[in-house]
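What follows is structure06.cif (mmCIF, C-alpha atoms).
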```cif
data_work
loop_
_atom_site.group_PDB
_atom_site.id
_atom_site.type_symbol
_atom_site.label_atom_id
_atom_site.label_comp_id
_atom_site.auth_asym_id
_atom_site.auth_seq_id
_atom_site.Cartn_x
_atom_site.Cartn_y
_atom_site.Cartn_z
ATOM 1 C CA MET K 1 18.891 46.709 -50.804
ATOM 2 C CA SER K 2 20.895 46.425 -47.581
ATOM 3 C CA GLN K 3 19.736 50.009 -46.961
ATOM 4 C CA GLY K 4 16.101 49.006 -47.283
ATOM 5 C CA LEU K 5 13.416 49.643 -49.887
ATOM 6 C CA HIS K 6 11.690 52.954 -49.208
ATOM 7 C CA THR K 7 9.679 53.484 -52.405
ATOM 8 C CA THR K 8 8.918 51.462 -55.527
ATOM 9 C CA ASN K 9 8.431 52.745 -59.065
ATOM 10 C CA LEU K 10 7.338 49.807 -61.209
ATOM 11 C CA THR K 11 6.999 50.114 -64.966
ATOM 12 C CA SER K 12 5.031 46.909 -65.598
ATOM 13 C CA LEU K 13 1.922 48.109 -63.718
ATOM 14 C CA PRO K 14 0.290 51.520 -63.157
ATOM 15 C CA LEU K 15 0.546 52.978 -59.673
ATOM 16 C CA LEU K 16 -2.748 53.331 -57.804
ATOM 17 C CA GLY K 17 -1.380 55.017 -54.713
ATOM 18 C CA ARG K 18 0.919 54.814 -51.721
ATOM 19 C CA GLY K 19 -0.015 54.174 -48.113
ATOM 20 C CA LYS K 20 2.167 54.670 -45.080
ATOM 21 C CA VAL K 21 3.972 51.385 -45.751
ATOM 22 C CA ARG K 22 2.472 49.848 -48.894
ATOM 23 C CA ASP K 23 2.579 50.784 -52.576
ATOM 24 C CA LEU K 24 -0.482 49.742 -54.606
ATOM 25 C CA TYR K 25 -0.478 48.866 -58.310
ATOM 26 C CA ARG K 26 -3.312 48.036 -60.691
ATOM 27 C CA ILE K 27 -3.258 44.600 -62.322
ATOM 28 C CA ASP K 28 -6.735 44.888 -63.870
ATOM 29 C CA GLU K 29 -10.251 45.941 -62.892
ATOM 30 C CA ASP K 30 -10.574 43.208 -60.276
ATOM 31 C CA ARG K 31 -7.019 42.718 -58.988
ATOM 32 C CA MET K 32 -4.120 44.753 -57.643
ATOM 33 C CA LEU K 33 -0.571 44.242 -56.437
ATOM 34 C CA ILE K 34 0.354 45.250 -52.894
ATOM 35 C CA VAL K 35 4.049 45.886 -52.257
ATOM 36 C CA THR K 36 5.117 46.072 -48.626
ATOM 37 C CA THR K 37 8.072 48.445 -48.483
ATOM 38 C CA ASP K 38 10.511 48.958 -45.621
ATOM 39 C CA ARG K 39 8.952 52.301 -44.692
ATOM 40 C CA LEU K 40 8.054 52.776 -41.035
ATOM 41 C CA SER K 41 5.377 55.095 -39.705
ATOM 42 C CA ALA K 42 5.055 56.220 -36.115
ATOM 43 C CA PHE K 43 2.353 58.520 -34.781
ATOM 44 C CA ASP K 44 0.979 58.346 -38.357
ATOM 45 C CA VAL K 45 4.111 59.979 -39.798
ATOM 46 C CA VAL K 46 6.398 58.112 -42.213
ATOM 47 C CA MET K 47 10.002 58.143 -41.030
ATOM 48 C CA PRO K 48 12.695 59.231 -43.541
ATOM 49 C CA GLN K 49 14.740 56.020 -43.245
ATOM 50 C CA PRO K 50 13.446 52.549 -44.091
ATOM 51 C CA ILE K 51 14.016 49.567 -41.798
ATOM 52 C CA PRO K 52 15.966 47.032 -43.931
ATOM 53 C CA GLY K 53 14.047 43.789 -44.448
ATOM 54 C CA LYS K 54 10.937 45.020 -42.645
ATOM 55 C CA GLY K 55 8.642 44.726 -45.669
ATOM 56 C CA ARG K 56 9.433 41.075 -46.326
ATOM 57 C CA ILE K 57 8.948 40.285 -42.638
ATOM 58 C CA LEU K 58 5.564 42.012 -42.554
ATOM 59 C CA ALA K 59 4.448 40.249 -45.724
ATOM 60 C CA GLU K 60 5.507 36.845 -44.406
ATOM 61 C CA ILE K 61 3.801 37.349 -41.043
ATOM 62 C CA SER K 62 0.605 38.611 -42.678
ATOM 63 C CA ASN K 63 0.500 35.698 -45.105
ATOM 64 C CA PHE K 64 1.048 33.306 -42.200
ATOM 65 C CA TRP K 65 -1.990 34.696 -40.375
ATOM 66 C CA PHE K 66 -4.122 34.978 -43.527
ATOM 67 C CA HIS K 67 -3.741 31.234 -44.042
ATOM 68 C CA LYS K 68 -3.958 30.266 -40.374
ATOM 69 C CA LEU K 69 -7.164 32.239 -39.736
ATOM 70 C CA ALA K 70 -8.926 31.712 -43.065
ATOM 71 C CA HIS K 71 -11.487 29.444 -41.393
ATOM 72 C CA ILE K 72 -12.809 32.502 -39.514
ATOM 73 C CA VAL K 73 -13.081 34.944 -42.420
ATOM 74 C CA PRO K 74 -11.866 34.858 -46.041
ATOM 75 C CA ASN K 75 -9.150 37.279 -47.105
ATOM 76 C CA HIS K 76 -8.077 39.106 -50.235
ATOM 77 C CA LEU K 77 -5.086 36.928 -51.217
ATOM 78 C CA LEU K 78 -4.940 35.558 -54.782
ATOM 79 C CA SER K 79 -2.753 32.813 -56.231
ATOM 80 C CA LEU K 80 -1.147 34.779 -59.049
ATOM 81 C CA PRO K 81 2.576 34.266 -59.790
ATOM 82 C CA LEU K 82 4.583 37.484 -60.043
ATOM 83 C CA ARG K 83 6.133 36.222 -63.289
ATOM 84 C CA ASP K 84 2.731 36.659 -64.950
ATOM 85 C CA ILE K 85 2.609 40.404 -64.283
ATOM 86 C CA LEU K 86 6.124 41.763 -63.613
ATOM 87 C CA SER K 87 9.486 41.963 -65.357
ATOM 88 C CA ALA K 88 12.388 39.794 -64.177
ATOM 89 C CA ASP K 89 14.133 42.762 -62.546
ATOM 90 C CA GLU K 90 10.968 43.731 -60.679
ATOM 91 C CA ILE K 91 10.436 40.180 -59.478
ATOM 92 C CA ALA K 92 13.948 40.127 -58.026
ATOM 93 C CA LEU K 93 13.263 43.440 -56.273
ATOM 94 C CA LEU K 94 9.865 42.465 -54.872
ATOM 95 C CA ASP K 95 10.227 38.764 -54.144
ATOM 96 C CA GLY K 96 8.795 38.048 -50.706
ATOM 97 C CA ARG K 97 7.207 41.463 -50.321
ATOM 98 C CA ALA K 98 4.572 41.646 -53.099
ATOM 99 C CA ILE K 99 1.178 39.923 -53.175
ATOM 100 C CA ALA K 100 -1.652 39.881 -55.696
ATOM 101 C CA VAL K 101 -5.007 40.555 -54.076
ATOM 102 C CA LYS K 102 -8.651 40.890 -54.897
ATOM 103 C CA LYS K 103 -9.745 44.488 -55.302
ATOM 104 C CA VAL K 104 -12.440 45.333 -52.754
ATOM 105 C CA LYS K 105 -14.212 48.322 -51.243
ATOM 106 C CA PRO K 106 -12.467 49.036 -47.897
ATOM 107 C CA LEU K 107 -14.639 49.760 -44.884
ATOM 108 C CA PRO K 108 -14.045 53.257 -43.418
ATOM 109 C CA VAL K 109 -13.092 51.981 -39.949
ATOM 110 C CA GLU K 110 -10.148 50.255 -38.318
ATOM 111 C CA ALA K 111 -11.216 47.264 -36.257
ATOM 112 C CA VAL K 112 -9.106 47.535 -33.095
ATOM 113 C CA VAL K 113 -9.200 44.782 -30.478
ATOM 114 C CA ARG K 114 -7.538 45.201 -27.072
ATOM 115 C CA GLY K 115 -6.677 42.396 -24.692
ATOM 116 C CA TYR K 116 -4.511 44.488 -22.375
ATOM 117 C CA LEU K 117 -4.736 48.021 -21.008
ATOM 118 C CA ILE K 118 -1.949 50.021 -22.647
ATOM 119 C CA GLY K 119 -1.348 53.014 -24.915
ATOM 120 C CA SER K 120 -4.309 55.326 -25.564
ATOM 121 C CA GLY K 121 -6.590 52.830 -23.824
ATOM 122 C CA TRP K 122 -4.645 53.206 -20.589
ATOM 123 C CA LYS K 123 -4.730 57.001 -20.904
ATOM 124 C CA ASP K 124 -8.511 56.959 -21.407
ATOM 125 C CA TYR K 125 -9.047 54.560 -18.510
ATOM 126 C CA LYS K 126 -7.082 56.728 -16.067
ATOM 127 C CA VAL K 127 -9.373 59.669 -16.874
ATOM 128 C CA SER K 128 -12.770 58.002 -17.271
ATOM 129 C CA GLY K 129 -12.555 54.364 -16.214
ATOM 130 C CA SER K 130 -13.593 53.487 -19.765
ATOM 131 C CA VAL K 131 -12.039 52.810 -23.176
ATOM 132 C CA CYS K 132 -13.988 54.014 -26.218
ATOM 133 C CA GLY K 133 -17.107 54.215 -24.088
ATOM 134 C CA ILE K 134 -16.699 50.689 -22.707
ATOM 135 C CA LYS K 135 -16.801 50.757 -18.902
ATOM 136 C CA LEU K 136 -14.058 48.631 -17.344
ATOM 137 C CA PRO K 137 -13.638 47.308 -13.780
ATOM 138 C CA GLU K 138 -12.042 49.582 -11.216
ATOM 139 C CA GLY K 139 -8.490 48.990 -10.051
ATOM 140 C CA LEU K 140 -6.909 47.976 -13.361
ATOM 141 C CA ARG K 141 -3.265 48.929 -13.793
ATOM 142 C CA GLN K 142 -1.056 49.769 -16.741
ATOM 143 C CA ALA K 143 -0.596 46.664 -18.947
ATOM 144 C CA SER K 144 -3.290 44.738 -17.015
ATOM 145 C CA GLN K 145 -4.969 41.948 -18.954
ATOM 146 C CA LEU K 146 -8.608 42.807 -19.533
ATOM 147 C CA PRO K 147 -11.345 40.441 -18.299
ATOM 148 C CA ARG K 148 -12.125 39.802 -21.982
ATOM 149 C CA PRO K 149 -10.951 41.331 -25.282
ATOM 150 C CA ILE K 150 -12.812 44.510 -26.231
ATOM 151 C CA PHE K 151 -13.595 46.010 -29.637
ATOM 152 C CA THR K 152 -12.467 49.655 -29.763
ATOM 153 C CA PRO K 153 -12.743 50.913 -33.362
ATOM 154 C CA ALA K 154 -10.993 53.907 -34.877
ATOM 155 C CA THR K 155 -11.279 56.099 -37.919
ATOM 156 C CA LYS K 156 -9.046 55.495 -40.939
ATOM 157 C CA ALA K 157 -6.866 58.567 -41.201
ATOM 158 C CA ALA K 158 -5.119 59.833 -44.329
ATOM 159 C CA ILE K 159 -1.314 59.869 -44.436
ATOM 160 C CA GLY K 160 -0.052 62.488 -42.003
ATOM 161 C CA ALA K 161 -3.336 62.596 -40.072
ATOM 162 C CA HIS K 162 -3.995 60.785 -36.811
ATOM 163 C CA ASP K 163 -6.430 57.921 -36.304
ATOM 164 C CA GLU K 164 -9.105 58.708 -33.732
ATOM 165 C CA ASN K 165 -10.942 56.293 -31.466
ATOM 166 C CA ILE K 166 -14.687 56.175 -32.066
ATOM 167 C CA SER K 167 -17.587 54.490 -30.322
ATOM 168 C CA TYR K 168 -19.314 51.361 -31.552
ATOM 169 C CA GLU K 169 -22.413 53.472 -32.164
ATOM 170 C CA GLU K 170 -20.435 55.601 -34.599
ATOM 171 C CA VAL K 171 -19.376 52.451 -36.467
ATOM 172 C CA VAL K 172 -23.055 51.509 -36.767
ATOM 173 C CA LYS K 173 -23.762 54.921 -38.281
ATOM 174 C CA LEU K 174 -20.917 54.475 -40.785
ATOM 175 C CA ILE K 175 -21.554 50.926 -42.016
ATOM 176 C CA GLY K 176 -24.890 49.793 -40.583
ATOM 177 C CA ALA K 177 -25.838 47.682 -37.575
ATOM 178 C CA GLU K 178 -25.576 44.241 -39.185
ATOM 179 C CA LEU K 179 -22.162 44.779 -40.759
ATOM 180 C CA ALA K 180 -20.842 46.516 -37.627
ATOM 181 C CA ALA K 181 -21.790 43.501 -35.516
ATOM 182 C CA ARG K 182 -20.102 41.116 -37.961
ATOM 183 C CA VAL K 183 -16.906 43.163 -38.007
ATOM 184 C CA ARG K 184 -16.870 43.368 -34.202
ATOM 185 C CA ASP K 185 -17.501 39.671 -33.627
ATOM 186 C CA ILE K 186 -15.075 38.480 -36.305
ATOM 187 C CA SER K 187 -12.360 40.859 -35.074
ATOM 188 C CA VAL K 188 -12.627 39.619 -31.494
ATOM 189 C CA ARG K 189 -12.509 36.004 -32.660
ATOM 190 C CA LEU K 190 -9.477 36.660 -34.891
ATOM 191 C CA TYR K 191 -7.660 38.327 -32.014
ATOM 192 C CA SER K 192 -8.553 35.626 -29.499
ATOM 193 C CA GLU K 193 -7.385 32.725 -31.657
ATOM 194 C CA ALA K 194 -4.201 34.534 -32.679
ATOM 195 C CA ALA K 195 -3.425 35.599 -29.107
ATOM 196 C CA ASN K 196 -3.859 32.046 -27.803
ATOM 197 C CA TYR K 197 -1.508 30.708 -30.481
ATOM 198 C CA ALA K 198 1.064 33.473 -29.908
ATOM 199 C CA LEU K 199 1.238 32.617 -26.200
ATOM 200 C CA THR K 200 2.534 29.180 -27.168
ATOM 201 C CA ARG K 201 5.329 30.971 -29.054
ATOM 202 C CA GLY K 202 6.300 33.222 -26.150
ATOM 203 C CA ILE K 203 4.468 36.327 -27.380
ATOM 204 C CA ILE K 204 1.610 38.292 -25.826
ATOM 205 C CA ILE K 205 -0.469 40.138 -28.409
ATOM 206 C CA ALA K 206 -1.610 43.087 -26.313
ATOM 207 C CA ASP K 207 -3.778 44.621 -29.026
ATOM 208 C CA THR K 208 -4.134 44.682 -32.775
ATOM 209 C CA LYS K 209 -6.077 46.281 -35.587
ATOM 210 C CA PHE K 210 -7.722 44.695 -38.614
ATOM 211 C CA GLU K 211 -9.037 46.137 -41.841
ATOM 212 C CA PHE K 212 -11.911 44.733 -43.846
ATOM 213 C CA GLY K 213 -13.464 45.258 -47.258
ATOM 214 C CA LEU K 214 -16.462 44.126 -49.274
ATOM 215 C CA ASP K 215 -16.103 42.409 -52.642
ATOM 216 C CA GLU K 216 -18.489 42.836 -55.569
ATOM 217 C CA ASN K 217 -20.862 40.299 -53.996
ATOM 218 C CA GLY K 218 -20.899 41.992 -50.614
ATOM 219 C CA GLN K 219 -18.700 39.330 -49.015
ATOM 220 C CA LEU K 220 -16.639 40.548 -46.065
ATOM 221 C CA LEU K 221 -12.884 40.012 -46.539
ATOM 222 C CA LEU K 222 -9.888 40.560 -44.271
ATOM 223 C CA ILE K 223 -7.503 42.898 -46.129
ATOM 224 C CA ASP K 224 -4.294 44.931 -45.878
ATOM 225 C CA GLU K 225 -2.208 43.197 -43.172
ATOM 226 C CA ALA K 226 -2.897 40.897 -40.251
ATOM 227 C CA LEU K 227 -1.344 40.698 -36.788
ATOM 228 C CA THR K 228 2.053 42.133 -37.716
ATOM 229 C CA PRO K 229 4.453 44.167 -35.546
ATOM 230 C CA ASP K 230 3.128 47.233 -37.404
ATOM 231 C CA SER K 231 -0.526 46.609 -36.575
ATOM 232 C CA SER K 232 -0.117 45.035 -33.117
ATOM 233 C CA ARG K 233 1.700 45.260 -29.817
ATOM 234 C CA PHE K 234 3.821 42.132 -29.282
ATOM 235 C CA TRP K 235 5.295 41.582 -25.807
ATOM 236 C CA PRO K 236 7.654 38.792 -24.686
ATOM 237 C CA VAL K 237 5.836 36.564 -22.192
ATOM 238 C CA ASP K 238 8.880 36.184 -19.975
ATOM 239 C CA GLN K 239 9.319 39.956 -19.541
ATOM 240 C CA TYR K 240 5.679 40.925 -19.029
ATOM 241 C CA ARG K 241 4.633 42.739 -15.869
ATOM 242 C CA VAL K 242 1.988 45.287 -14.923
ATOM 243 C CA ASP K 243 2.594 48.928 -13.987
ATOM 244 C CA ALA K 244 4.958 49.416 -16.938
ATOM 245 C CA SER K 245 5.002 49.344 -20.720
ATOM 246 C CA PRO K 246 6.632 45.968 -21.424
ATOM 247 C CA PRO K 247 9.457 45.669 -23.980
ATOM 248 C CA SER K 248 8.101 44.849 -27.388
ATOM 249 C CA PHE K 249 8.784 43.165 -30.733
ATOM 250 C CA ASP K 250 7.085 45.973 -32.608
ATOM 251 C CA LYS K 251 7.521 49.621 -33.530
ATOM 252 C CA GLN K 252 6.736 50.721 -29.974
ATOM 253 C CA PHE K 253 10.534 50.727 -29.643
ATOM 254 C CA VAL K 254 10.653 53.558 -32.194
ATOM 255 C CA ARG K 255 7.714 55.364 -30.571
ATOM 256 C CA ASP K 256 9.500 55.271 -27.216
ATOM 257 C CA TYR K 257 12.606 56.801 -28.794
ATOM 258 C CA LEU K 258 10.576 59.495 -30.546
ATOM 259 C CA GLU K 259 8.889 60.427 -27.270
ATOM 260 C CA THR K 260 12.307 61.529 -25.979
ATOM 261 C CA LEU K 261 12.673 64.088 -28.799
ATOM 262 C CA ASP K 262 11.466 67.653 -29.102
ATOM 263 C CA TRP K 263 9.215 66.763 -32.060
ATOM 264 C CA ASN K 264 5.593 67.799 -32.645
ATOM 265 C CA LYS K 265 4.599 64.429 -34.187
ATOM 266 C CA ALA K 266 3.907 66.057 -37.535
ATOM 267 C CA ALA K 267 5.625 65.458 -40.880
ATOM 268 C CA PRO K 268 8.449 65.369 -41.677
ATOM 269 C CA GLY K 269 9.619 62.706 -39.276
ATOM 270 C CA PRO K 270 13.018 63.038 -37.609
ATOM 271 C CA GLU K 271 16.077 61.114 -38.750
ATOM 272 C CA LEU K 272 16.491 57.847 -36.843
ATOM 273 C CA PRO K 273 19.956 56.997 -35.467
ATOM 274 C CA PRO K 274 21.587 53.886 -36.985
ATOM 275 C CA LEU K 275 21.296 52.024 -33.665
ATOM 276 C CA ILE K 276 17.522 52.608 -33.521
ATOM 277 C CA VAL K 277 17.161 51.350 -37.109
ATOM 278 C CA GLN K 278 19.284 48.271 -36.348
ATOM 279 C CA ARG K 279 17.494 47.409 -33.101
ATOM 280 C CA THR K 280 14.090 47.851 -34.735
ATOM 281 C CA ALA K 281 15.041 45.485 -37.558
ATOM 282 C CA GLU K 282 16.186 42.931 -34.978
ATOM 283 C CA LYS K 283 12.857 43.133 -33.156
ATOM 284 C CA TYR K 284 10.901 42.524 -36.352
ATOM 285 C CA ARG K 285 13.084 39.518 -37.214
ATOM 286 C CA GLU K 286 12.584 38.082 -33.727
ATOM 287 C CA ALA K 287 8.802 38.403 -34.031
ATOM 288 C CA LEU K 288 8.889 36.493 -37.334
ATOM 289 C CA ARG K 289 11.155 33.793 -35.900
ATOM 290 C CA ARG K 290 8.979 33.223 -32.860
ATOM 291 C CA LEU K 291 5.663 33.170 -34.666
ATOM 292 C CA THR K 292 6.541 31.115 -37.729
ATOM 293 C CA ALA K 293 9.610 29.025 -36.854
#
```

Exercise: express the given structure as structure tokens:
Amino acid sequence: MSQGLHTTNLTSLPLLGRGKVRDLYRIDEDRMLIVTTDRLSAFDVVMPQPIPGKGRILAEISNFWFHKLAHIVPNHLLSLPLRDILSADEIALLDGRAIAVKKVKPLPVEAVVRGYLIGSGWKDYKVSGSVCGIKLPEGLRQASQLPRPIFTPATKAAIGAHDENISYEEVVKLIGAELAARVRDISVRLYSEAANYALTRGIIIADTKFEFGLDENGQLLLIDEALTPDSSRFWPVDQYRVDASPPSFDKQFVRDYLETLDWNKAAPGPELPPLIVQRTAEKYREALRRLTA
């Protein structure tokens, strides 16, 4: 386990599928088990080496936010002890990284909220002065804080494919005007409350993405993960400055390394040097310590 958990193969439950980071198992018709592995994806490609301890950190951070933000929107967490569904050996393997959740119908969009101008948003702004069709003030610089958080949705890509930014109008076409407005408004509120809290812990949440689903009664639920170093850009407050990509507590560290390679950003991913794996694990641990200590 010191090498990290890349893939699970449970015998107590049937496998439903594998995402970039999570393995999904069927508990029954209404419930499933989500296992957060130590896999790391960058540019939508899963890297060959796991990051030891990453899965438990992601699960703990997500659970922290699920509980902290439950007054804004309910989530898919269930109170079901692992001992009721797994063998003793599997419990030892998955403790701290597996959660039982309500089975829902996922919405076909990723709800991205940006509070700062960085990444693909900065690239779009330099060309058009807009991000996902949202016109922004002139004169903004790389890593500038936006006047207010903006909702910039994206498609949900399959493993190995790349997410693509889409307009709000396209979200309306996919899920309807009423639901699109709810997802937008709830996402911005989730981001704003989380970002304000994180500032008190020395972290700037530059942007993040949420996923939502509908249960059998049509209730909107927050699902998958929430405000983790995998789904967000975390910057240290004391090292933030404009005109540069600030150092981060997230997988941007790996992205920056990969950008130095002669790699076409298609599977298979390149081998990561031991130092990159070690430093990435340290960044994830620091994010957990700051947010939840």

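The gap separating atom CA of Thr228 of chain K from atom CA of Gly133 of chain K is 26.4 Å, in Å to one decimal.
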
On this structure, which residues satisfy the PyMOL selection byres ((chain K and resi 235-241) around 12), written as a PyMOL selection string? chain K and resi 116-118+141-145+195+198-207+229+232-234+242-253+283-284+286-287+290-291

Those same residues, written as an mmCIF file, keeping the file's coordinate frame with C-alpha atoms?
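Everything below was put into result.cif:
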```cif
data_model
loop_
_atom_site.group_PDB
_atom_site.id
_atom_site.type_symbol
_atom_site.label_atom_id
_atom_site.label_comp_id
_atom_site.auth_asym_id
_atom_site.auth_seq_id
_atom_site.Cartn_x
_atom_site.Cartn_y
_atom_site.Cartn_z
ATOM 1 C CA TYR K 116 -4.511 44.488 -22.375
ATOM 2 C CA LEU K 117 -4.736 48.021 -21.008
ATOM 3 C CA ILE K 118 -1.949 50.021 -22.647
ATOM 4 C CA ARG K 141 -3.265 48.929 -13.793
ATOM 5 C CA GLN K 142 -1.056 49.769 -16.741
ATOM 6 C CA ALA K 143 -0.596 46.664 -18.947
ATOM 7 C CA SER K 144 -3.290 44.738 -17.015
ATOM 8 C CA GLN K 145 -4.969 41.948 -18.954
ATOM 9 C CA ALA K 195 -3.425 35.599 -29.107
ATOM 10 C CA ALA K 198 1.064 33.473 -29.908
ATOM 11 C CA LEU K 199 1.238 32.617 -26.200
ATOM 12 C CA THR K 200 2.534 29.180 -27.168
ATOM 13 C CA ARG K 201 5.329 30.971 -29.054
ATOM 14 C CA GLY K 202 6.300 33.222 -26.150
ATOM 15 C CA ILE K 203 4.468 36.327 -27.380
ATOM 16 C CA ILE K 204 1.610 38.292 -25.826
ATOM 17 C CA ILE K 205 -0.469 40.138 -28.409
ATOM 18 C CA ALA K 206 -1.610 43.087 -26.313
ATOM 19 C CA ASP K 207 -3.778 44.621 -29.026
ATOM 20 C CA PRO K 229 4.453 44.167 -35.546
ATOM 21 C CA SER K 232 -0.117 45.035 -33.117
ATOM 22 C CA ARG K 233 1.700 45.260 -29.817
ATOM 23 C CA PHE K 234 3.821 42.132 -29.282
ATOM 24 C CA VAL K 242 1.988 45.287 -14.923
ATOM 25 C CA ASP K 243 2.594 48.928 -13.987
ATOM 26 C CA ALA K 244 4.958 49.416 -16.938
ATOM 27 C CA SER K 245 5.002 49.344 -20.720
ATOM 28 C CA PRO K 246 6.632 45.968 -21.424
ATOM 29 C CA PRO K 247 9.457 45.669 -23.980
ATOM 30 C CA SER K 248 8.101 44.849 -27.388
ATOM 31 C CA PHE K 249 8.784 43.165 -30.733
ATOM 32 C CA ASP K 250 7.085 45.973 -32.608
ATOM 33 C CA LYS K 251 7.521 49.621 -33.530
ATOM 34 C CA GLN K 252 6.736 50.721 -29.974
ATOM 35 C CA PHE K 253 10.534 50.727 -29.643
ATOM 36 C CA LYS K 283 12.857 43.133 -33.156
ATOM 37 C CA TYR K 284 10.901 42.524 -36.352
ATOM 38 C CA GLU K 286 12.584 38.082 -33.727
ATOM 39 C CA ALA K 287 8.802 38.403 -34.031
ATOM 40 C CA ARG K 290 8.979 33.223 -32.860
ATOM 41 C CA LEU K 291 5.663 33.170 -34.666
#
```

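What separates atom CA of Val112 of chain K from atom CA of Pro52 of chain K is a distance of 27.3 Å.
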
Expanded to explicit residues, what is the PyMOL selection byres ((chain K and resi 267) around 8) for this file, as a list in words? Val45, Val46, Gly160, Lys265, Ala266, Pro268 and Gly269 of chain K

Exercise. What do you get, as a count of residues only, if you spell out every residue that the PyMOL selection byres ((chain K and resi 6) around 10) selects here?
Worked result: 21

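The coordinates place atom CA of Asn75 of chain K at 28.7 Å from atom CA of Val131 of chain K.
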
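Considering only C-alpha atoms, the residue among K:Arg255, K:Arg114, K:Lys126, K:Lys173 positioned nearest to Ser187 of chain K is K:Arg114.
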
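Remark: for Val109 of chain K, the closest of the candidate residues K:Asp95, K:Asp30, K:Glu211, K:Asp262 is K:Glu211 (distances computed over all atoms listed in the file).
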
Closest of K:Arg31, K:Lys105, K:Lys123, K:Arg56 to Ile85 of chain K, counting only C-alpha atoms, is K:Arg31

*asked:* Report as a PyMOL selection string all protein, DNA and RNA residues lying within 12 Å of Ile134 of chain K, evaluated on only C-alpha atoms, omitting residues in the same chain fewer than 3 positions from it.
replied: chain K and resi 114+121+124-125+128-131+137+146+148-153+165-169

Grab all the atoms of segment 181-187 of chain K that the file lists, wrap them in a box along x, y and z, add 3 Å per side, and give me centre plus edge lengths in Å (one decimal) as JSON.
```
{"center_x": -17.1, "center_y": 41.0, "center_z": -35.8, "size_x": 15.4, "size_y": 11.0, "size_z": 10.4}
```

Among K:Ala42, K:Ala293, K:Ile186, K:Met32, Ile99 of chain K is approached most closely, using all atoms listed in the file, by K:Met32

**Item:** Who sits within 12 Å of Leu174 of chain K, only C-alpha atoms, same chain under 2 positions skipped, as a VMD selection string
**Value:** chain K and resid 107 to 110 153 to 156 166 to 172 176 to 180

Produce a file of the selected residues containing C-alpha atoms, as an mmCIF file, in the coordinates of the input.
```cif
data_model
loop_
_atom_site.group_PDB
_atom_site.id
_atom_site.type_symbol
_atom_site.label_atom_id
_atom_site.label_comp_id
_atom_site.auth_asym_id
_atom_site.auth_seq_id
_atom_site.Cartn_x
_atom_site.Cartn_y
_atom_site.Cartn_z
ATOM 1 C CA LEU K 107 -14.639 49.760 -44.884
ATOM 2 C CA PRO K 108 -14.045 53.257 -43.418
ATOM 3 C CA VAL K 109 -13.092 51.981 -39.949
ATOM 4 C CA GLU K 110 -10.148 50.255 -38.318
ATOM 5 C CA PRO K 153 -12.743 50.913 -33.362
ATOM 6 C CA ALA K 154 -10.993 53.907 -34.877
ATOM 7 C CA THR K 155 -11.279 56.099 -37.919
ATOM 8 C CA LYS K 156 -9.046 55.495 -40.939
ATOM 9 C CA ILE K 166 -14.687 56.175 -32.066
ATOM 10 C CA SER K 167 -17.587 54.490 -30.322
ATOM 11 C CA TYR K 168 -19.314 51.361 -31.552
ATOM 12 C CA GLU K 169 -22.413 53.472 -32.164
ATOM 13 C CA GLU K 170 -20.435 55.601 -34.599
ATOM 14 C CA VAL K 171 -19.376 52.451 -36.467
ATOM 15 C CA VAL K 172 -23.055 51.509 -36.767
ATOM 16 C CA GLY K 176 -24.890 49.793 -40.583
ATOM 17 C CA ALA K 177 -25.838 47.682 -37.575
ATOM 18 C CA GLU K 178 -25.576 44.241 -39.185
ATOM 19 C CA LEU K 179 -22.162 44.779 -40.759
ATOM 20 C CA ALA K 180 -20.842 46.516 -37.627
#
```

Env of Glu225 of chain K: 8 Å cut, atoms = all atoms listed in the file, seq-sep filter 5 positions within chain, self excluded. Answer as an mmCIF file with C-alpha atoms, keeping the file's coordinate frame.
```cif
data_model
loop_
_atom_site.group_PDB
_atom_site.id
_atom_site.type_symbol
_atom_site.label_atom_id
_atom_site.label_comp_id
_atom_site.auth_asym_id
_atom_site.auth_seq_id
_atom_site.Cartn_x
_atom_site.Cartn_y
_atom_site.Cartn_z
ATOM 1 C CA LEU K 58 5.564 42.012 -42.554
ATOM 2 C CA ALA K 59 4.448 40.249 -45.724
ATOM 3 C CA SER K 62 0.605 38.611 -42.678
ATOM 4 C CA PHE K 210 -7.722 44.695 -38.614
ATOM 5 C CA GLU K 211 -9.037 46.137 -41.841
ATOM 6 C CA SER K 231 -0.526 46.609 -36.575
#
```
